file target-v2.txt (compact mmCIF, C-alpha atoms)
# COMPACT_ATOMS: atom_id res chain seq x y z
CA MET A 209 -20.90 7.44 29.35
CA SER A 210 -17.28 6.35 29.75
CA ALA A 211 -14.97 6.03 26.75
CA LEU A 212 -14.79 2.27 27.25
CA ALA A 213 -18.58 1.94 27.34
CA LEU A 214 -18.88 4.10 24.21
CA MET A 215 -16.35 1.96 22.36
CA SER A 216 -18.17 -1.21 23.43
CA ARG A 217 -21.51 0.20 22.30
CA THR A 218 -20.06 1.26 18.93
CA ALA A 219 -18.50 -2.17 18.42
CA ARG A 220 -21.85 -3.80 19.13
CA ARG A 221 -23.65 -1.53 16.67
CA ILE A 222 -21.12 -2.38 13.96
CA GLU A 223 -21.56 -6.06 14.75
CA ASP A 224 -25.34 -5.76 14.47
CA VAL A 225 -25.28 -4.18 11.00
CA THR A 226 -22.65 -6.54 9.56
CA PRO A 227 -24.24 -8.87 6.97
CA ALA A 228 -24.01 -12.55 7.83
CA HIS A 229 -22.32 -13.33 4.50
CA ARG A 230 -19.50 -10.80 5.06
CA ASP A 231 -16.08 -12.43 4.67
CA ARG A 232 -14.44 -11.12 7.83
CA ALA A 233 -11.14 -12.87 7.20
CA VAL A 234 -10.62 -11.09 3.87
CA ASP A 235 -11.52 -7.74 5.42
CA GLY A 236 -9.15 -8.44 8.29
CA LEU A 237 -6.30 -9.31 5.94
CA ARG A 238 -6.96 -6.14 3.93
CA ALA A 239 -6.91 -4.00 7.08
CA LEU A 240 -3.66 -5.63 8.25
CA ALA A 241 -1.96 -5.09 4.90
CA LEU A 242 -3.23 -1.52 4.74
CA LEU A 243 -1.97 -0.59 8.21
CA ALA A 244 1.44 -2.04 7.34
CA VAL A 245 1.89 0.76 4.79
CA PRO A 246 1.91 3.73 7.21
CA THR A 247 3.67 1.66 9.86
CA GLY A 248 6.48 0.88 7.44
CA HIS A 249 6.79 4.42 6.13
CA TRP A 250 6.74 5.90 9.62
CA LEU A 251 9.30 3.44 11.00
CA LEU A 252 11.69 3.37 8.06
CA GLY A 253 11.48 6.98 6.93
CA GLY A 254 13.44 9.77 8.59
CA PHE A 255 14.58 13.32 7.90
CA THR A 256 17.89 15.12 8.02
CA ARG A 257 18.08 18.90 8.25
CA SER A 258 20.45 20.93 6.10
CA PRO A 259 22.03 24.20 7.36
CA ASP A 260 19.34 26.25 5.60
CA GLY A 261 16.64 24.41 7.59
CA ALA A 262 15.40 22.24 4.73
CA LEU A 263 14.32 18.64 5.31
CA HIS A 264 15.70 15.74 3.29
CA ASN A 265 14.71 12.07 3.25
CA ALA A 266 16.81 9.54 5.15
CA SER A 267 16.37 5.92 6.22
CA PRO A 268 17.57 4.02 9.30
CA LEU A 269 18.20 1.02 7.04
CA GLY A 270 21.33 2.77 5.76
CA ALA A 271 22.84 2.70 9.25
CA PHE A 272 21.15 -0.48 10.48
CA PRO A 273 21.11 -3.02 7.62
CA GLY A 274 20.34 -5.70 10.19
CA PHE A 275 16.83 -4.25 10.43
CA ALA A 276 16.06 -5.41 6.86
CA PRO A 277 13.89 -8.33 8.15
CA VAL A 278 11.50 -5.71 9.55
CA SER A 279 10.72 -4.81 5.95
CA TRP A 280 9.82 -8.45 5.24
CA VAL A 281 7.03 -8.18 7.79
CA LEU A 282 5.86 -4.71 6.80
CA GLN A 283 5.95 -5.33 3.04
CA MET A 284 2.44 -6.73 2.81
CA LEU A 285 1.40 -5.45 -0.61
CA GLY A 286 1.26 -9.06 -1.74
CA ILE A 287 -1.53 -9.64 0.77
CA PHE A 288 -3.24 -6.43 -0.31
CA PHE A 289 -3.24 -7.48 -3.98
CA LEU A 290 -4.32 -11.01 -3.03
CA VAL A 291 -7.42 -9.87 -1.15
CA GLY A 292 -7.99 -7.19 -3.77
CA GLY A 293 -8.23 -9.85 -6.46
CA TYR A 294 -10.46 -12.00 -4.25
CA ALA A 295 -12.84 -9.11 -3.49
CA SER A 296 -12.86 -7.92 -7.09
CA VAL A 297 -13.93 -11.26 -8.51
CA LEU A 298 -16.80 -11.49 -6.00
CA SER A 299 -17.90 -7.97 -6.86
CA TYR A 300 -17.53 -8.68 -10.57
CA ARG A 301 -19.70 -11.76 -10.22
CA ARG A 302 -22.45 -9.74 -8.44
CA ARG A 303 -22.47 -6.84 -10.91
CA LYS A 304 -25.89 -5.91 -12.26
CA GLY A 305 -24.78 -3.70 -15.15
CA SER A 306 -22.12 -3.97 -17.82
CA THR A 307 -18.47 -4.70 -17.22
CA ARG A 308 -17.68 -1.14 -18.27
CA ALA A 309 -20.03 0.30 -15.65
CA TRP A 310 -18.56 -1.99 -12.99
CA LEU A 311 -15.02 -0.91 -13.81
CA GLY A 312 -16.04 2.76 -13.90
CA GLY A 313 -17.45 2.58 -10.40
CA ARG A 314 -14.41 0.84 -8.93
CA LEU A 315 -11.91 3.14 -10.65
CA ALA A 316 -13.80 6.23 -9.52
CA ARG A 317 -13.51 5.07 -5.90
CA LEU A 318 -9.75 4.81 -6.36
CA GLY A 319 -9.33 8.07 -8.23
CA ARG A 320 -11.31 10.50 -6.06
CA PRO A 321 -9.04 10.33 -2.97
CA VAL A 322 -5.88 10.63 -5.09
CA LEU A 323 -7.25 13.67 -6.86
CA GLY A 324 -8.24 15.13 -3.50
CA VAL A 325 -4.88 14.78 -1.74
CA THR A 326 -2.86 16.06 -4.69
CA ALA A 327 -5.17 19.03 -5.25
CA VAL A 328 -5.01 19.99 -1.57
CA TRP A 329 -1.23 19.77 -1.56
CA ALA A 330 -1.05 21.87 -4.72
CA ALA A 331 -2.98 24.60 -2.90
CA LEU A 332 -0.78 24.22 0.21
CA LEU A 333 2.59 24.57 -1.53
CA PRO A 334 2.47 28.33 -2.20
CA LEU A 335 0.92 28.97 1.22
CA LEU A 336 3.68 27.04 2.98
CA HIS A 337 6.47 28.67 1.00
CA PHE A 338 5.37 32.28 0.61
CA GLY A 339 3.21 32.49 3.70
CA LEU A 340 5.21 30.48 6.24
CA GLY A 341 8.67 30.48 4.69
CA VAL A 342 9.03 26.71 4.32
CA PRO A 343 12.13 26.04 2.14
CA VAL A 344 11.56 24.77 -1.40
CA ASP A 345 13.71 21.71 -0.71
CA THR A 346 11.44 20.80 2.20
CA LEU A 347 8.43 21.11 -0.09
CA ARG A 348 10.11 18.85 -2.66
CA THR A 349 10.84 16.30 0.05
CA ALA A 350 7.25 16.50 1.25
CA SER A 351 5.87 16.20 -2.27
CA THR A 352 7.98 13.13 -2.95
CA LEU A 353 6.66 11.47 0.21
CA VAL A 354 3.05 12.30 -0.62
CA VAL A 355 3.40 10.88 -4.13
CA GLN A 356 5.34 7.82 -2.91
CA PRO A 357 2.34 5.66 -1.93
CA LEU A 358 0.22 6.89 -4.83
CA TRP A 359 2.11 4.81 -7.39
CA PHE A 360 0.34 1.88 -5.77
CA VAL A 361 -3.04 3.34 -6.66
CA GLY A 362 -1.98 3.68 -10.30
CA VAL A 363 -0.84 0.06 -10.48
CA TYR A 364 -3.90 -1.16 -8.60
CA THR A 365 -6.10 0.74 -11.05
CA VAL A 366 -4.49 -1.07 -13.97
CA VAL A 367 -4.77 -4.54 -12.44
CA THR A 368 -8.39 -3.83 -11.47
CA ALA A 369 -9.12 -2.96 -15.09
CA LEU A 370 -7.68 -6.37 -16.02
CA THR A 371 -10.10 -8.23 -13.73
CA PRO A 372 -12.29 -9.68 -16.53
CA TYR A 373 -9.19 -11.18 -18.17
CA CYS A 374 -7.91 -12.46 -14.82
CA VAL A 375 -11.26 -14.18 -14.27
CA ARG A 376 -11.04 -15.91 -17.64
CA ALA A 377 -7.48 -17.03 -16.91
CA ALA A 378 -8.47 -18.33 -13.46
CA ARG A 379 -11.39 -20.32 -14.85
CA ARG A 380 -9.16 -21.90 -17.48
CA LEU A 381 -5.90 -22.42 -15.58
CA GLY A 382 -6.82 -22.14 -11.91
CA VAL A 383 -3.93 -21.27 -9.60
CA TRP A 384 -1.49 -21.81 -12.48
CA ALA A 385 -2.74 -18.62 -14.14
CA ALA A 386 -0.21 -16.73 -11.99
CA ALA A 387 2.75 -18.89 -13.10
CA PRO A 388 3.50 -16.99 -16.37
CA LEU A 389 3.67 -13.75 -14.39
CA LEU A 390 6.27 -15.25 -12.07
CA GLY A 391 8.21 -16.54 -15.06
CA SER A 392 8.13 -13.14 -16.76
CA VAL A 393 9.64 -11.42 -13.73
CA ALA A 394 12.28 -14.15 -13.43
CA VAL A 395 13.35 -13.63 -17.06
CA VAL A 396 13.65 -9.85 -16.65
CA ASP A 397 15.62 -10.30 -13.43
CA LEU A 398 17.98 -12.71 -15.18
CA LEU A 399 18.58 -10.14 -17.90
CA ARG A 400 19.14 -7.17 -15.61
CA TYR A 401 21.17 -9.00 -12.94
CA GLY A 402 22.72 -11.86 -14.94
CA PRO A 403 26.02 -12.15 -16.82
CA TYR A 404 24.91 -9.77 -19.56
CA ALA A 405 23.52 -7.09 -17.26
CA ASP A 406 25.91 -4.42 -18.56
CA ALA A 407 24.42 -4.73 -22.04
CA VAL A 408 20.81 -4.49 -20.85
CA PRO A 409 19.13 -1.04 -20.93
CA SER A 410 17.94 0.26 -17.57
CA TRP A 411 14.37 0.72 -18.79
CA LEU A 412 14.01 -3.06 -19.16
CA SER A 413 13.33 -3.33 -15.41
CA LEU A 414 10.04 -1.47 -15.96
CA LEU A 415 8.72 -4.61 -17.66
CA ASN A 416 8.39 -6.09 -14.17
CA VAL A 417 5.93 -3.48 -12.90
CA LEU A 418 2.71 -4.99 -14.23
CA PRO A 419 3.40 -8.74 -13.90
CA GLY A 420 5.16 -8.16 -10.58
CA TRP A 421 2.06 -6.75 -8.91
CA LEU A 422 -0.49 -8.63 -11.00
CA PHE A 423 0.93 -11.93 -9.66
CA ALA A 424 -0.72 -11.76 -6.22
CA TYR A 425 -3.87 -10.18 -7.69
CA GLN A 426 -4.23 -13.13 -10.07
CA LEU A 427 -3.78 -15.51 -7.15
CA GLY A 428 -6.59 -13.66 -5.39
CA VAL A 429 -8.87 -13.94 -8.42
CA SER A 430 -8.17 -17.67 -8.65
CA TRP A 431 -8.88 -17.95 -4.92
CA GLY A 432 -12.17 -16.11 -5.36
CA GLU A 433 -13.06 -18.50 -8.19
CA GLY A 434 -12.52 -21.43 -5.84
CA ARG A 435 -9.49 -22.68 -7.75
CA VAL A 436 -6.96 -22.51 -4.89
CA THR A 437 -7.04 -25.45 -2.49
CA ARG A 438 -5.22 -25.90 0.79
CA ARG A 439 -2.69 -28.06 -1.01
CA HIS A 440 -2.01 -25.17 -3.36
CA ALA A 441 -1.73 -22.83 -0.39
CA TRP A 442 0.87 -25.05 1.27
CA ALA A 443 2.81 -25.16 -2.00
CA LEU A 444 2.71 -21.36 -2.24
CA LEU A 445 3.92 -20.99 1.34
CA ALA A 446 6.72 -23.55 1.09
CA GLY A 447 7.75 -22.69 -2.48
CA GLY A 448 7.70 -18.95 -1.85
CA ALA A 449 9.75 -19.30 1.32
CA ALA A 450 12.31 -21.56 -0.40
CA LEU A 451 12.64 -19.21 -3.37
CA PHE A 452 12.96 -16.22 -1.04
CA ALA A 453 15.80 -17.90 0.88
CA ALA A 454 17.59 -18.96 -2.32
CA LEU A 455 17.44 -15.48 -3.83
CA LEU A 456 18.87 -13.95 -0.65
CA LEU A 457 21.55 -16.52 0.11
CA LEU A 458 22.63 -17.71 -3.33
CA PHE A 459 21.84 -14.93 -5.77
CA GLY A 460 22.71 -11.82 -3.80
CA TYR A 461 19.38 -10.03 -3.81
CA PRO A 462 19.21 -7.03 -1.43
CA ALA A 463 17.80 -8.04 1.95
CA SER A 464 15.56 -4.99 2.31
CA MET A 465 12.17 -5.04 0.64
CA VAL A 466 12.24 -1.24 0.38
CA GLY A 467 14.79 1.04 -1.23
CA VAL A 468 17.83 2.01 0.84
CA PRO A 469 19.64 5.29 0.03
CA GLY A 470 22.98 4.58 -1.62
CA GLU A 471 22.12 1.03 -2.69
CA ALA A 472 22.42 0.30 -6.41
CA ARG A 473 19.62 -2.29 -6.41
CA THR A 474 16.12 -2.19 -4.99
CA ASN A 475 13.51 -4.90 -4.72
CA SER A 476 10.33 -2.86 -4.88
CA HIS A 477 10.65 -0.24 -7.61
CA PRO A 478 10.11 -2.09 -9.86
CA PRO A 479 9.35 -5.39 -8.09
CA SER A 480 12.01 -8.06 -8.27
CA LEU A 481 11.55 -11.81 -8.08
CA LEU A 482 12.17 -11.55 -4.33
CA VAL A 483 8.94 -9.53 -3.97
CA LEU A 484 6.97 -12.25 -5.75
CA ALA A 485 8.56 -14.96 -3.60
CA LEU A 486 7.47 -13.08 -0.47
CA ALA A 487 3.99 -12.49 -1.95
CA ALA A 488 3.63 -16.20 -2.71
CA ALA A 489 4.59 -17.20 0.84
CA GLN A 490 2.31 -14.54 2.35
CA SER A 491 -0.57 -15.57 0.10
CA GLY A 492 -0.22 -19.22 1.04
CA ALA A 493 -0.17 -18.36 4.74
CA ALA A 494 -3.19 -16.05 4.40
CA ILE A 495 -5.26 -18.69 2.61
CA LEU A 496 -4.35 -21.31 5.20
CA LEU A 497 -5.21 -19.01 8.09
CA ARG A 498 -8.44 -17.71 6.63
CA ASP A 499 -10.81 -19.75 8.81
CA ARG A 500 -8.93 -18.95 12.01
CA ILE A 501 -8.86 -15.24 11.21
CA GLY A 502 -12.57 -15.28 10.41
CA ALA A 503 -13.38 -16.97 13.70
CA LEU A 504 -11.23 -14.48 15.62
CA LEU A 505 -13.01 -11.55 14.01
CA ARG A 506 -16.38 -12.81 15.26
CA ARG A 507 -15.52 -10.86 18.39
CA PRO A 508 -17.11 -7.40 18.10
CA ALA A 509 -14.17 -5.68 19.80
CA LEU A 510 -11.79 -6.98 17.12
CA TRP A 511 -14.19 -6.65 14.20
CA ALA A 512 -15.06 -2.98 14.74
CA PRO A 513 -11.52 -1.64 14.10
CA VAL A 514 -11.31 -3.75 10.94
CA VAL A 515 -14.50 -2.16 9.64
CA VAL A 516 -13.29 1.36 10.46
CA VAL A 517 -9.95 0.82 8.72
CA ASN A 518 -11.58 -0.65 5.62
CA LEU A 519 -14.05 2.22 5.38
CA SER A 520 -11.12 4.67 5.44
CA ALA A 521 -8.69 2.62 3.33
CA MET A 522 -7.89 5.23 0.69
CA THR A 523 -7.72 8.01 3.28
CA VAL A 524 -5.10 6.08 5.23
CA LEU A 525 -3.13 5.34 2.09
CA CYS A 526 -3.26 8.86 0.66
CA TRP A 527 -2.77 10.93 3.82
CA HIS A 528 -0.47 9.00 6.18
CA GLN A 529 2.67 10.72 4.87
CA THR A 530 0.96 14.07 5.37
CA ALA A 531 0.42 13.14 9.02
CA MET A 532 4.14 12.54 9.51
CA LEU A 533 5.01 15.76 7.69
CA ALA A 534 2.54 17.68 9.86
CA ALA A 535 4.82 16.87 12.79
CA ALA A 536 8.22 17.10 11.06
CA VAL A 537 7.90 20.35 9.09
CA PRO A 538 7.07 22.56 12.12
CA ALA A 539 9.67 20.71 14.21
CA ALA A 540 12.39 21.65 11.71
CA TYR A 541 12.20 25.25 12.92
CA ALA A 542 13.45 24.07 16.31
CA GLY A 543 16.48 22.32 14.83
CA GLU A 544 17.09 18.64 15.41
CA VAL A 545 14.34 16.78 17.26
CA PRO A 546 15.11 13.19 18.39
CA GLY A 547 13.27 10.63 16.29
CA LEU A 548 11.77 13.26 14.03
CA VAL A 549 14.40 15.58 12.56
CA GLY A 550 17.98 14.34 12.57
CA ALA A 551 20.07 11.55 11.12
CA PRO A 552 18.41 8.14 11.79
CA ASP A 553 21.69 6.48 12.73
CA SER A 554 21.42 5.63 16.42
CA ALA A 555 19.47 3.40 18.77
CA GLY A 556 18.21 6.56 20.43
CA TRP A 557 16.62 7.65 17.16
CA ILE A 558 14.80 4.33 16.88
CA LEU A 559 13.40 4.56 20.40
CA ALA A 560 12.38 8.17 19.85
CA ARG A 561 10.71 7.31 16.54
CA LEU A 562 8.67 4.61 18.26
CA ALA A 563 7.47 7.27 20.69
CA TRP A 564 6.42 9.47 17.76
CA MET A 565 4.28 6.75 16.18
CA PRO A 566 1.16 7.44 18.29
CA VAL A 567 1.50 11.13 17.43
CA PHE A 568 1.52 10.34 13.71
CA ALA A 569 -1.49 8.08 14.18
CA GLY A 570 -3.37 10.79 16.05
CA LEU A 571 -2.60 13.35 13.35
CA LEU A 572 -3.81 10.91 10.70
CA VAL A 573 -7.09 10.43 12.55
CA LEU A 574 -7.50 14.21 12.79
CA ILE A 575 -6.71 14.75 9.11
CA GLY A 576 -8.92 11.82 8.15
CA ARG A 577 -11.98 13.43 9.75
CA TYR A 578 -11.89 16.02 6.96
CA ALA A 579 -10.08 14.15 4.17
CA ARG A 580 -12.38 11.14 4.18
CA ARG A 581 -15.00 13.13 2.28
CA PHE A 582 -12.84 12.64 -0.83
CA GLU A 583 -13.71 8.93 -0.76
CA SER A 584 -17.43 9.67 -1.18
CA PRO A 585 -18.97 10.63 -4.54
CA TRP A 586 -18.42 14.33 -5.30
CA THR A 587 -22.11 15.02 -5.76
CA GLY A 588 -21.79 18.64 -4.67
CA ALA A 589 -18.88 19.45 -6.98
CA GLY A 590 -19.79 20.81 -10.38
CA PRO A 591 -17.71 20.50 -13.56
CA ALA A 592 -15.75 23.69 -12.79
CA ARG A 593 -14.64 22.46 -9.35
CA ARG A 594 -13.70 19.07 -10.71
CA ALA A 595 -11.70 20.66 -13.51
CA LEU A 596 -9.92 22.91 -11.00
CA ALA A 597 -9.08 19.90 -8.85
CA GLY A 598 -7.67 18.15 -11.91
CA VAL A 599 -5.51 21.12 -12.84
CA LEU A 600 -4.19 21.45 -9.27
CA ALA A 601 -3.46 17.74 -9.07
CA ALA A 602 -1.57 17.83 -12.37
CA GLY A 603 0.46 20.82 -11.20
CA PHE A 604 1.36 19.06 -7.98
CA GLY A 605 2.45 15.98 -9.95
CA VAL A 606 4.74 18.07 -12.12
CA PHE A 607 6.33 19.68 -9.04
CA ALA A 608 6.65 16.41 -7.09
CA LEU A 609 8.23 14.51 -9.98
CA GLY A 610 10.55 17.37 -10.88
CA LEU A 611 9.28 17.57 -14.45

call {"tool": "encode", "arguments": {"input": "target-v2.txt", "output": "structure tokens"}}
result
Amino acid sequence: MSALALMSRTARRIEDVTPAHRDRAVDGLRALALLAVPTGHWLLGGFTRSPDGALHNASPLGAFPGFAPVSWVLQMLGIFFLVGGYASVLSYRRRKGSTRAWLGGRLARLGRPVLGVTAVWAALLPLLHFGLGVPVDTLRTASTLVVQPLWFVGVYTVVTALTPYCVRAARRLGVWAAAPLLGSVAVVDLLRYGPYADAVPSWLSLLNVLPGWLFAYQLGVSWGEGRVTRRHAWALLAGGAALFAALLLLFGYPASMVGVPGEARTNSHPPSLLVLALAAAQSGAAILLRDRIGALLRRPALWAPVVVVNLSAMTVLCWHQTAMLAAAVPAAYAGEVPGLVGAPDSAGWILARLAWMPVFAGLLVLIGRYARRFESPWTGAGPARRALAGVLAAGFGVFALGL
């Protein structure tokens, strides 16, 4: 059987087992937002090599600030939180047990893959350093990259735990339940960037973490409760776009949605008002396009990849940086490699990095064949193995965060 025939047969089998009530548009939006994470990290993350052979993080945005609009497209966490809130409220409504049991099941599905990737990396660190001679600075760079997307899981865990309260707010206030979150972030931004910024402690920005990411999640919960109409969606799209433009053009917010080395301000860590403006516009567009996306995904050839990506969501999130490192760390022994190891400051680097993207994707698929088991319940792991995994994960966290 040819590869094309096998793919067609697989797509048809997936189509046949898909329940009729499945919301394909929401799954498609989730898959799109999920794939934007590795795409963004792979495109906007580079490495320089020091004389001792160690790798250090670098970004092409430092040399090409005009590429900042690329980050507007690839920063799709607003969509991810939107569909997360939508899916959570539907699941919450269908629960058969207690709220506590429902939350426990959802949080376990988030925690297992994180525990798995950090425990594996904890075991790899001594092997890479003492066995293969990988410099400590390279291991610190690698550990930082592995941990980088995991903050999202921590925040998502917290907002998921708040689902019952989000449901109550949505039933009482509808789409307006997200407005206080937007206002909270605006107040903090005014304090940290306004005329009295010098007198404001740096830790105040951390107050934006929860409301900043809960904003789109609350919109998703309200959407799932049927409290977001097309008129609301148009208002989100137009209002978010207008606010985004005003913050960029009139209030001097950084253009990049991700951190740029050397820049004093960042939009994402913690989220600024610009992130919420983008999330509002993206959410409005997603809600308006829902029916069209759903109709498009009635085609088995398009639906099958969406199903595969969603089934491996946490594997993609947790292991995509490892896939890039699997190419870069060995390449460092050869010196500078275009698009992989070397300053990301030329058009040649960009073209070479684009050529490396399929390699990273292939490595992620290979790693995912083995790592995806961490997403399933650890039925074969006894208390001792789970405790060991916890200890290894904690040790890796201490090393990665430089504690």

call {"tool": "atom_distance", "arguments": {"input": "target-v2.txt", "atom1": "atom CA of Leu609 of chain A", "atom2": "atom CA of Phe360 of chain A"}}
result
15.5 Å

call {"tool": "closest_residue", "arguments": {"input": "target-v2.txt", "among": "A:Trp329, A:Trp250, A:Phe272, A:Phe459", "to": "Met565 of chain A", "atoms": "only C-alpha atoms"}}
result
A:Trp250

call {"tool": "closest_residue", "arguments": {"input": "target-v2.txt", "among": "A:Leu214, A:Ala385, A:Ala219, A:Val393", "to": "Pro508 of chain A", "atoms": "only C-alpha atoms"}}
result
A:Ala219

call {"tool": "closest_atom_pairs", "arguments": {"input": "target-v2.txt", "of": "segment 245-327 of chain A", "to": "segment 580-587 of chain A", "cutoff": "7 Å", "atoms": "all atoms listed in the file", "output": "Markdown table"}}
result
| residue | atom | partner | partner_atom | distance |
| --- | --- | --- | --- | --- |
| A:Arg317 | CA | A:Glu583 | CA | 6.4 |
| A:Arg320 | CA | A:Phe582 | CA | 5.9 |
| A:Pro321 | CA | A:Phe582 | CA | 4.9 |
| A:Gly324 | CA | A:Phe582 | CA | 5.9 |

call {"tool": "residues_around", "arguments": {"input": "target-v2.txt", "residues": "segment 334-348 of chain A", "least_positions_apart": "5", "cutoff": "10 Å", "atoms": "all atoms listed in the file", "output": "PyMOL selection string"}}
result
chain A and resi 255+257-258+260-265+329+353-354+533+537-538+540-541+607-610

call {"tool": "residues_around", "arguments": {"input": "target-v2.txt", "residues": "Pro478 of chain A", "least_positions_apart": "6", "cutoff": "12 Å", "atoms": "all atoms listed in the file", "output": "number ranges by chain"}}
result
A: 359-360, 363, 393, 396-397, 400, 410-421, 465-467, 484

call {"tool": "closest_residue", "arguments": {"input": "target-v2.txt", "among": "A:Ala521, A:Ile495, A:Val395, A:Ala485", "to": "His440 of chain A", "atoms": "only C-alpha atoms"}}
result
A:Ile495
